[in-house]
>>> print(open('target.tsv').read())   # TSV, C-alpha atoms and all ligand atoms
chain	number	residue	atom	x	y	z
A	1	MET	CA	-6.25	24.76	-4.33
A	2	LYS	CA	-2.57	25.10	-5.07
A	3	THR	CA	-0.52	22.14	-3.84
A	4	ILE	CA	2.76	23.23	-2.25
A	5	LEU	CA	5.49	20.88	-3.48
A	6	ILE	CA	8.38	20.34	-1.09
A	7	THR	CA	11.50	19.12	-2.85
A	8	HIS	CA	14.13	19.31	-0.10
A	9	PRO	CA	12.63	17.09	2.58
A	10	PHE	CA	15.72	17.04	4.80
A	11	LYS	CA	15.67	20.81	5.34
A	12	LYS	CA	14.23	21.44	8.78
A	13	LYS	CA	12.34	24.51	7.63
A	14	ASN	CA	10.49	22.46	5.01
A	15	ILE	CA	9.36	19.87	7.55
A	16	ARG	CA	8.24	22.77	9.76
A	17	LYS	CA	6.25	24.18	6.87
A	18	ALA	CA	4.49	20.85	6.28
A	19	SER	CA	3.77	20.41	9.98
A	20	ARG	CA	2.21	23.90	10.17
A	21	ILE	CA	-0.20	22.76	7.45
A	22	LEU	CA	-1.04	19.62	9.43
A	23	LYS	CA	-1.53	21.64	12.63
A	24	ALA	CA	-4.02	23.83	10.76
A	25	GLY	CA	-5.99	20.72	9.77
A	26	GLY	CA	-4.59	20.39	6.24
A	27	LEU	CA	-3.47	17.38	4.18
A	28	VAL	CA	0.14	16.53	3.31
A	29	ALA	CA	1.27	13.70	1.03
A	30	VAL	CA	4.42	12.18	2.49
A	31	PRO	CA	6.73	9.29	1.58
A	32	THR	CA	6.99	6.21	3.78
A	33	GLU	CA	9.15	3.13	3.20
A	34	THR	CA	6.15	1.30	1.66
A	35	VAL	CA	4.13	3.74	-0.49
A	36	TYR	CA	3.30	7.46	-0.23
A	37	GLY	CA	0.69	8.31	2.40
A	38	LEU	CA	-1.88	11.10	2.53
A	39	ALA	CA	-1.47	12.45	6.04
A	40	ALA	CA	-3.65	14.41	8.46
A	41	ASN	CA	-3.70	14.83	12.24
A	42	ALA	CA	-5.15	11.45	13.31
A	43	LEU	CA	-6.74	13.03	16.39
A	44	ASN	CA	-8.54	15.81	14.47
A	45	PRO	CA	-11.78	14.39	13.02
A	46	LYS	CA	-12.31	17.34	10.66
A	47	ALA	CA	-8.86	16.86	9.15
A	48	VAL	CA	-9.30	13.08	8.78
A	49	LYS	CA	-12.69	13.62	7.08
A	50	LYS	CA	-10.87	15.59	4.38
A	51	ILE	CA	-8.75	12.51	3.57
A	52	PHE	CA	-11.88	10.48	2.84
A	53	LYS	CA	-13.30	13.24	0.66
A	54	VAL	CA	-10.17	13.85	-1.40
A	55	LYS	CA	-9.51	10.13	-2.01
A	56	GLY	CA	-13.16	9.27	-2.63
A	57	ARG	CA	-12.67	6.68	0.10
A	58	PRO	CA	-15.68	4.71	1.41
A	59	GLN	CA	-16.66	5.90	4.91
A	60	ASP	CA	-16.42	2.40	6.41
A	61	ASN	CA	-12.74	1.93	5.56
A	62	PRO	CA	-10.57	2.98	8.53
A	63	VAL	CA	-7.14	4.58	8.14
A	64	ILE	CA	-3.78	3.64	9.66
A	65	VAL	CA	-2.37	5.80	12.47
A	66	HIS	CA	1.39	6.44	12.18
A	67	ILE	CA	3.60	7.08	15.21
A	68	ALA	CA	7.27	8.01	15.58
A	69	SER	CA	7.99	6.36	18.93
A	70	ARG	CA	6.81	3.13	20.57
A	71	LYS	CA	5.91	5.06	23.73
A	72	LYS	CA	3.09	6.87	21.92
A	73	ILE	CA	1.15	3.61	21.48
A	74	LYS	CA	-0.20	3.64	25.04
A	75	GLU	CA	-2.35	6.70	24.39
A	76	LEU	CA	-3.93	5.18	21.29
A	77	VAL	CA	-4.87	1.63	22.29
A	78	ALA	CA	-6.84	-0.01	25.10
A	79	GLU	CA	-4.32	-2.81	25.66
A	80	ILE	CA	-1.12	-4.26	24.21
A	81	PRO	CA	-1.42	-8.06	23.91
A	82	ALA	CA	1.81	-10.03	24.44
A	83	ALA	CA	2.03	-11.02	20.76
A	84	ALA	CA	1.79	-7.36	19.74
A	85	ALA	CA	4.62	-6.40	22.09
A	86	VAL	CA	6.84	-9.02	20.44
A	87	LEU	CA	5.90	-7.86	16.94
A	88	MET	CA	6.49	-4.19	17.78
A	89	LYS	CA	9.89	-4.98	19.19
A	90	LYS	CA	10.94	-7.01	16.18
A	91	TYR	CA	9.37	-5.15	13.24
A	92	TRP	CA	8.98	-1.49	14.25
A	93	PRO	CA	9.97	0.78	12.71
A	94	GLY	CA	8.97	-1.04	9.53
A	95	PRO	CA	6.22	-2.21	7.18
A	96	LEU	CA	3.97	-3.86	9.77
A	97	THR	CA	0.60	-2.43	10.82
A	98	ILE	CA	-0.97	-3.82	13.99
A	99	VAL	CA	-4.71	-3.62	14.76
A	100	PHE	CA	-5.47	-3.10	18.48
A	101	LYS	CA	-8.57	-2.40	20.56
A	102	LYS	CA	-8.68	1.38	20.45
A	103	SER	CA	-8.59	3.97	23.23
A	104	ALA	CA	-10.99	6.90	23.59
A	105	ALA	CA	-8.40	9.18	21.99
A	106	ILE	CA	-9.15	7.78	18.52
A	107	PRO	CA	-11.92	9.69	16.71
A	108	GLU	CA	-14.76	7.66	15.16
A	109	VAL	CA	-13.86	8.78	11.66
A	110	THR	CA	-10.25	7.53	11.98
A	111	SER	CA	-11.36	4.02	12.93
A	112	ALA	CA	-14.46	4.23	10.70
A	113	GLY	CA	-16.68	3.39	13.66
A	114	LEU	CA	-14.82	0.16	14.52
A	115	PRO	CA	-13.77	-0.62	18.12
A	116	THR	CA	-10.20	-1.08	16.86
A	117	VAL	CA	-7.39	1.06	15.52
A	118	ALA	CA	-4.55	0.19	13.12
A	119	VAL	CA	-1.15	1.57	14.14
A	120	ARG	CA	2.26	1.49	12.55
A	121	MET	CA	5.67	3.03	13.10
A	122	PRO	CA	7.16	3.65	9.65
A	123	LYS	CA	10.86	3.43	8.78
A	124	ASN	CA	11.36	6.55	6.73
A	125	LYS	CA	13.15	9.62	8.03
A	126	ILE	CA	10.84	12.10	6.34
A	127	ILE	CA	7.54	10.91	7.81
A	128	LEU	CA	9.20	10.25	11.18
A	129	SER	CA	10.52	13.81	11.39
A	130	LEU	CA	7.15	15.16	10.27
A	131	ILE	CA	5.36	13.25	13.05
A	132	ARG	CA	7.89	14.46	15.64
A	133	GLU	CA	7.68	18.05	14.48
A	134	SER	CA	3.87	17.94	14.52
A	135	GLY	CA	3.55	16.40	17.97
A	136	PHE	CA	0.57	14.20	17.04
A	137	PRO	CA	0.17	10.86	15.21
A	138	LEU	CA	-0.64	10.97	11.50
A	139	ALA	CA	-3.58	9.20	9.91
A	140	ALA	CA	-2.37	8.19	6.46
A	141	PRO	CA	-3.89	5.90	3.88
A	142	SER	CA	-2.06	5.50	0.58
A	143	ALA	CA	-1.94	8.82	-1.32
A	144	ASN	CA	-3.92	7.70	-4.35
A	145	VAL	CA	-7.50	8.15	-5.49
A	146	SER	CA	-9.43	5.16	-4.07
A	147	GLY	CA	-9.26	2.15	-6.36
A	148	ARG	CA	-6.08	3.23	-8.22
A	149	PRO	CA	-2.64	1.64	-7.81
A	150	SER	CA	-0.85	2.97	-4.72
A	151	PRO	CA	1.72	5.73	-5.37
A	152	THR	CA	5.43	4.97	-5.14
A	153	THR	CA	6.74	8.29	-6.52
A	154	ILE	CA	5.79	11.95	-6.16
A	155	GLU	CA	4.68	11.90	-9.82
A	156	ASP	CA	2.13	9.20	-8.96
A	157	VAL	CA	0.85	11.28	-6.03
A	158	LEU	CA	0.47	14.40	-8.16
A	159	GLU	CA	-1.16	12.45	-11.00
A	160	ASP	CA	-4.02	11.60	-8.60
A	161	LEU	CA	-4.09	14.46	-6.10
A	162	ALA	CA	-2.49	17.66	-7.52
A	163	GLU	CA	-4.59	20.74	-6.69
A	164	LYS	CA	-6.66	18.66	-4.25
A	165	ILE	CA	-4.27	18.65	-1.28
A	166	ASP	CA	-2.35	21.36	0.57
A	167	CYS	CA	1.16	19.97	0.28
A	168	ALA	CA	3.19	17.07	-1.11
A	169	ILE	CA	6.72	16.10	-0.06
A	170	ASP	CA	9.03	14.50	-2.61
A	171	GLY	CA	11.09	11.72	-1.06
A	172	GLY	CA	12.01	9.80	-4.21
A	173	SER	CA	10.87	6.25	-4.97
A	174	THR	CA	9.58	4.31	-1.96
A	175	TYR	CA	11.63	1.32	-0.84
A	176	TYR	CA	9.14	-1.57	-0.62
A	177	GLY	CA	6.62	-0.42	-3.23
A	178	ILE	CA	3.62	-2.22	-1.71
A	179	GLU	CA	1.66	-1.35	1.43
A	180	SER	CA	2.43	-2.68	4.90
A	181	THR	CA	1.41	-6.08	6.22
A	182	VAL	CA	-1.70	-5.69	8.43
A	183	VAL	CA	-2.11	-8.07	11.39
A	184	ASP	CA	-5.00	-7.94	13.88
A	185	VAL	CA	-4.16	-8.80	17.50
A	186	SER	CA	-7.47	-7.60	18.97
A	187	GLY	CA	-9.02	-11.10	18.94
A	188	LYS	CA	-7.98	-14.48	20.41
A	189	VAL	CA	-5.70	-15.56	17.57
A	190	PRO	CA	-3.62	-13.02	15.63
A	191	THR	CA	-5.01	-12.68	12.10
A	192	LEU	CA	-3.31	-11.54	8.92
A	193	LEU	CA	-5.66	-9.03	7.27
A	194	ARG	CA	-3.41	-7.87	4.45
A	195	PRO	CA	-0.22	-9.60	3.26
A	196	GLY	CA	2.85	-7.40	2.76
A	197	SER	CA	6.63	-7.39	2.77
A	198	ILE	CA	6.69	-8.96	6.24
A	199	SER	CA	5.40	-12.40	5.31
A	200	ILE	CA	3.05	-14.80	7.08
A	201	GLU	CA	6.04	-17.16	7.44
A	202	GLN	CA	7.95	-14.45	9.32
A	203	LEU	CA	4.96	-13.61	11.53
A	204	ARG	CA	4.43	-17.26	12.43
A	205	SER	CA	8.07	-17.80	13.26
A	206	THR	CA	7.90	-14.76	15.57
A	207	ILE	CA	4.59	-15.28	17.44
A	208	GLY	CA	3.38	-18.77	16.56
A	209	LYS	CA	-0.16	-19.25	15.30
A	210	VAL	CA	-1.46	-16.63	12.85
A	211	LYS	CA	-4.72	-17.06	10.91
A	212	ILE	CA	-5.22	-15.71	7.41
A	213	ALA	CA	-8.43	-13.68	7.09
A	214	GLN	CA	-10.78	-14.70	4.32
A	215	ASN	CA	-11.34	-11.39	2.63
A	216	ASN	CA	-13.77	-12.70	0.09
A	217	SER	CA	-16.55	-12.92	2.65
A	218	GLU	CA	-19.44	-10.47	2.84
A	219	ARG	CA	-18.00	-8.69	5.86
A	220	PRO	CA	-14.23	-8.72	5.58
A	221	LYS	CA	-12.35	-7.89	8.77
A	222	SER	CA	-10.15	-5.38	7.01
A	223	PRO	CA	-12.79	-3.22	5.35
A	224	GLY	CA	-10.35	-2.00	2.69
A	225	MET	CA	-9.96	-5.49	1.29
A	226	LYS	CA	-13.50	-5.68	-0.12
A	227	TYR	CA	-13.29	-2.78	-2.53
A	228	LYS	CA	-11.99	-2.69	-6.06
A	229	HIS	CA	-8.33	-1.93	-5.65
A	230	TYR	CA	-5.06	-1.03	-7.32
A	231	ALA	CA	-6.77	-1.14	-10.70
A	232	PRO	CA	-5.14	0.26	-13.83
A	233	LYS	CA	-7.41	1.76	-16.49
A	234	ALA	CA	-6.45	-1.06	-18.86
A	235	LYS	CA	-8.00	-4.51	-18.62
A	236	LEU	CA	-5.60	-6.71	-16.64
A	237	ILE	CA	-5.43	-10.50	-16.89
A	238	ILE	CA	-3.10	-12.71	-14.84
A	239	ILE	CA	-1.71	-15.91	-16.33
A	240	GLU	CA	-0.95	-18.41	-13.57
A	241	GLY	CA	0.64	-21.85	-13.71
A	242	LYS	CA	3.96	-23.39	-14.71
A	243	LYS	CA	6.57	-20.87	-15.89
A	244	GLU	CA	6.92	-22.38	-19.39
A	245	ASN	CA	3.17	-22.63	-19.85
A	246	ILE	CA	2.71	-19.01	-18.78
A	247	ALA	CA	5.23	-17.75	-21.34
A	248	LYS	CA	3.65	-19.86	-24.10
A	249	LYS	CA	0.15	-18.67	-23.31
A	250	ILE	CA	1.17	-15.02	-23.19
A	251	GLN	CA	3.01	-15.30	-26.50
A	252	SER	CA	0.02	-16.93	-28.12
A	253	ILE	CA	-2.31	-14.15	-26.93
A	254	LEU	CA	0.20	-11.50	-28.09
A	255	SER	CA	0.47	-13.09	-31.51
A	256	LYS	CA	-3.29	-12.89	-31.96
A	257	LYS	CA	-3.45	-9.29	-30.76
A	258	LYS	CA	-0.57	-7.91	-32.80
A	259	ASN	CA	-2.28	-4.67	-33.65
A	260	GLU	CA	-3.83	-4.00	-30.29
A	261	LYS	CA	-2.34	-1.95	-27.47
A	262	THR	CA	-1.20	-4.84	-25.33
A	263	GLY	CA	1.38	-4.83	-22.54
A	264	VAL	CA	3.09	-7.59	-20.55
A	265	ILE	CA	4.30	-7.49	-16.97
A	266	THR	CA	7.11	-10.01	-16.86
A	267	THR	CA	9.58	-11.35	-14.31
A	268	GLN	CA	11.73	-13.11	-16.90
A	269	HIS	CA	14.80	-11.23	-17.95
A	270	SER	CA	15.66	-13.04	-21.14
A	271	ASN	CA	12.13	-13.51	-22.33
A	272	SER	CA	11.30	-13.96	-25.94
A	273	TYR	CA	8.00	-12.14	-26.12
A	274	ARG	CA	7.33	-10.59	-29.46
A	275	TYR	CA	4.84	-7.74	-29.94
A	276	GLY	CA	3.37	-5.78	-27.08
A	277	LEU	CA	4.87	-3.38	-24.59
A	278	ILE	CA	7.09	-5.32	-22.24
A	279	GLN	CA	7.61	-4.12	-18.65
A	280	PHE	CA	10.26	-6.13	-16.81
A	281	VAL	CA	9.56	-5.76	-13.08
A	282	GLY	CA	12.49	-7.82	-11.80
A	283	SER	CA	12.94	-11.48	-11.02
A	284	ASP	CA	13.22	-11.46	-7.22
A	285	ASN	CA	10.22	-10.70	-5.02
A	286	ASN	CA	11.62	-7.51	-3.48
A	287	ARG	CA	12.18	-5.98	-6.88
A	288	ILE	CA	8.85	-7.16	-8.23
A	289	ALA	CA	7.05	-5.58	-5.24
A	290	ARG	CA	8.98	-2.34	-5.72
A	291	ASN	CA	8.06	-2.12	-9.41
A	292	LEU	CA	4.56	-3.58	-9.51
A	293	PHE	CA	2.42	-0.46	-9.00
A	294	LYS	CA	4.91	1.55	-11.07
A	295	ALA	CA	4.42	-0.86	-13.97
A	296	LEU	CA	0.61	-0.66	-13.73
A	297	ARG	CA	0.70	3.14	-13.74
A	298	ALA	CA	3.25	3.18	-16.59
A	299	MET	CA	0.97	1.01	-18.73
A	300	ASP	CA	-1.84	3.53	-18.25
A	301	ARG	CA	0.39	6.47	-19.15
A	302	LEU	CA	1.45	4.64	-22.31
A	303	GLY	CA	-2.15	4.02	-23.36
A	304	VAL	CA	-2.04	0.23	-23.06
A	305	GLU	CA	-5.54	-1.31	-23.22
A	306	LEU	CA	-4.84	-4.92	-22.25
A	307	ILE	CA	-2.19	-5.97	-19.71
A	308	LEU	CA	-1.07	-9.59	-19.36
A	309	ALA	CA	0.77	-10.30	-16.11
A	310	GLU	CA	2.74	-13.42	-15.20
A	311	GLY	CA	1.68	-15.05	-11.94
A	312	ILE	CA	4.43	-15.94	-9.44
A	313	PRO	CA	4.69	-18.44	-6.54
A	314	GLU	CA	2.99	-17.21	-3.35
A	315	LYS	CA	5.95	-17.68	-1.04
A	316	GLY	CA	7.25	-14.82	1.13
A	317	THR	CA	6.46	-11.46	-0.45
A	318	GLY	CA	5.04	-13.41	-3.42
A	319	HIS	CA	1.86	-13.79	-1.33
A	320	ALA	CA	1.42	-9.99	-1.14
A	321	ILE	CA	2.34	-9.47	-4.79
A	322	MET	CA	-0.28	-11.97	-5.98
A	323	ASN	CA	-2.85	-10.46	-3.56
A	324	ARG	CA	-2.36	-7.01	-5.14
A	325	LEU	CA	-2.22	-8.33	-8.71
A	326	ARG	CA	-5.41	-10.40	-8.38
A	327	LYS	CA	-7.30	-7.45	-6.93
A	328	ALA	CA	-5.97	-5.13	-9.61
A	329	ALA	CA	-7.20	-7.65	-12.18
A	330	GLY	CA	-10.62	-7.93	-10.55
A	331	TYR	CA	-9.73	-11.65	-10.22
A	332	LYS	CA	-9.45	-12.20	-13.99
A	333	VAL	CA	-7.08	-15.15	-14.08
A	334	ILE	CA	-6.20	-17.67	-16.80
A	335	LYS	CA	-4.80	-20.94	-15.39
A	336	VAL	CA	-2.36	-22.81	-17.62
B	1	LIG	O1	2.03	0.85	3.99
B	1	LIG	C1	0.93	1.27	4.34
B	1	LIG	O2	0.20	0.66	5.14
B	1	LIG	C2	0.47	2.61	3.74
B	1	LIG	C3	1.41	3.70	4.23
B	1	LIG	C4	0.97	5.07	3.78
B	1	LIG	O3	1.55	3.63	5.60
B	1	LIG	N1	-0.89	2.89	4.11
B	1	LIG	C5	-1.94	2.20	3.60
B	1	LIG	O4	-3.17	2.63	4.05
B	1	LIG	O5	-1.83	1.30	2.81
B	1	LIG	P1	-4.54	2.21	3.36
B	1	LIG	O6	-5.55	3.06	4.01
B	1	LIG	O7	-4.41	2.34	1.90
B	1	LIG	O8	-4.77	0.74	3.82
B	1	LIG	C6	-5.06	0.47	5.17
B	1	LIG	C7	-5.62	-0.91	5.33
B	1	LIG	C8	-7.01	-1.02	4.73
B	1	LIG	O9	-7.15	-2.31	4.15
B	1	LIG	C9	-7.90	-0.86	5.97
B	1	LIG	O10	-9.16	-1.46	5.81
B	1	LIG	C10	-7.07	-1.56	7.03
B	1	LIG	O11	-5.73	-1.21	6.72
B	1	LIG	N2	-7.42	-1.09	8.38
B	1	LIG	C11	-7.22	0.13	8.90
B	1	LIG	N3	-7.73	0.21	10.15
B	1	LIG	C12	-8.24	-1.01	10.43
B	1	LIG	C13	-8.92	-1.58	11.56
B	1	LIG	N4	-9.18	-0.87	12.65
B	1	LIG	N5	-9.31	-2.86	11.47
B	1	LIG	C14	-9.07	-3.59	10.36
B	1	LIG	N6	-8.45	-3.12	9.26
B	1	LIG	C15	-8.04	-1.84	9.29
B	2	MG	MG	-4.76	2.18	-0.07
>>> encode(input="target.tsv", output="structure tokens", more="lines below")
Ligand code: TXA
Ligand code: MG
Amino acid sequence: MKTILITHPFKKKNIRKASRILKAGGLVAVPTETVYGLAANALNPKAVKKIFKVKGRPQDNPVIVHIASRKKIKELVAEIPAAAAVLMKKYWPGPLTIVFKKSAAIPEVTSAGLPTVAVRMPKNKIILSLIRESGFPLAAPSANVSGRPSPTTIEDVLEDLAEKIDCAIDGGSTYYGIESTVVDVSGKVPTLLRPGSISIEQLRSTIGKVKIAQNNSERPKSPGMKYKHYAPKAKLIIIEGKKENIAKKIQSILSKKKNEKTGVITTQHSNSYRYGLIQFVGSDNNRIARNLFKALRAMDRLGVELILAEGIPEKGTGHAIMNRLRKAAGYKVIKV
């Protein structure tokens, strides 16, 4: 299949072209403010099935439904708990996904057989205009092959999905760089299922008590959290501990591996690492999040075989960054 590449996303006729593809049950990769999504009509089970096939996504992992106006939510969910109403008002449009009890409008395949549905209103003009033009909500998981780092540029999308999808829209680099925060309000106490750029501290200061789901259990509440995720082809090890100890440990590993294809993901500008391929991802959390998946994919393109990544404190977005890094590393961590 030839993938139609749209390079002028603000031209109305291009959005119309992409929405015609969606109306016909096709798949369109589209930028959001977090990462690129692989979109289909959320209410068309045949179209949503294609997403699972193309991504190689496990059948029991539901997809997020994207809307362009708060009013649309009523058709998709059984009820809107008070906490959800507060969250929607404060954080939509934006990188927050809310899990509700679903309505009958949601096909089984979209919610992967669960009684709930995840909904979010993104803050990106391109996907918002595509939803409006289409007239239906868009199911969209990240536009990567399952298990790979999420895509933050059109090049990343095409690396994984070229010739496998009908259309891809170039919207430049995505703003946040990591996927949305997922919070479940379908039970008694709101529960954080996936950390993201809206932090647990922010959620708690907005709605009070929020539990953190234990995703290491046999049956995680957010099915996506149990699979191998975000993984580069290279072996990835995280070094966690005090800043000085981390730098020392990484340098000592690098010194031993001089002739090997080793890379470092660092947050320290004026670092003194010798040897290895050094990827500086920034020193503040927003920048680190924006560059994290990019750095992992870059290491693969450069043929790196071992990646050493510095751990960072789990405050604010640091929580989400460490969540993604640890998964990408398959929990290979050296504590120093
Ligand atoms: O930022 C994002 O959320 C991006 C952009 C494209 O919107 N999308 C994204 O989708 O990251 P995906 O499919 O890669 O991750 C969705 C996560 C998975 O962990 C999935 O298990 C969880 O949300 N999820 C979806 N529906 C759920 C539900 N009904 N109950 C619990 N977890 C759900
Ligand atoms: Mg994903």
>>> residues_around(input="target.tsv", residues="A:Arg204", least_positions_apart="2", cutoff="12 Å", atoms="all atoms listed in the file", output="list in words")
Ala83, Val86, Leu87, Val183, Val189, Pro190, Thr191, Leu192, Ile198, Ser199, Ile200, Glu201, Gln202, Thr206, Ile207, Gly208, Lys209, Val210, Lys211, Ile212 and Gly316 of chain A
>>> residues_near_ligand(input="target.tsv", ligand="ligand MG 2 (chain B)", cutoff="9 Å", atoms="only C-alpha atoms and all ligand atoms", output="list of chain:residue names")
A:Gly37, A:Val63, A:Pro141, A:Ser142, A:Ala143, A:Asn144, A:Val145, A:Ser146, A:Gly147, A:Arg148, A:Pro149, A:Ser150, A:Glu179, A:Gly224, A:His229, A:Tyr230
>>> residues_around(input="target.tsv", residues="A:Tyr36", least_positions_apart="3", cutoff="6 Å", atoms="only C-alpha atoms", output="mmCIF file with C-alpha atoms, keeping the file's coordinate frame")
data_model
loop_
_atom_site.group_PDB
_atom_site.id
_atom_site.type_symbol
_atom_site.label_atom_id
_atom_site.label_comp_id
_atom_site.auth_asym_id
_atom_site.auth_seq_id
_atom_site.Cartn_x
_atom_site.Cartn_y
_atom_site.Cartn_z
ATOM 1 C CA VAL A 30 4.420 12.180 2.490
ATOM 2 C CA PRO A 31 6.730 9.290 1.580
ATOM 3 C CA THR A 32 6.990 6.210 3.780
ATOM 4 C CA SER A 142 -2.060 5.500 0.580
ATOM 5 C CA ALA A 143 -1.940 8.820 -1.320
ATOM 6 C CA PRO A 151 1.720 5.730 -5.370
ATOM 7 C CA THR A 152 5.430 4.970 -5.140
#
>>> residues_near_ligand(input="target.tsv", ligand="ligand LIG 1 (chain B)", cutoff="7 Å", atoms="all atoms listed in the file", output="NGL selection string")
:A and (32 or 34-38 or 61-64 or 95 or 97 or 99 or 111 or 114 or 116-118 or 122 or 140-143 or 178-182 or 184 or 193-194 or 221-225)
>>> closest_residue(input="target.tsv", among="A:Gly56, A:Lys335, A:Lys23, A:Ser272", to="A:Ile131", atoms="all atoms listed in the file")
A:Lys23
>>> axis_aligned_box(input="target.tsv", around="stretch 69-82 of chain A", padding_each_side="6 Å", output="AutoDock Vina command-line options")
--center_x 0.6 --center_y -1.6 --center_z 22.3 --size_x 26.8 --size_y 28.9 --size_z 18.7
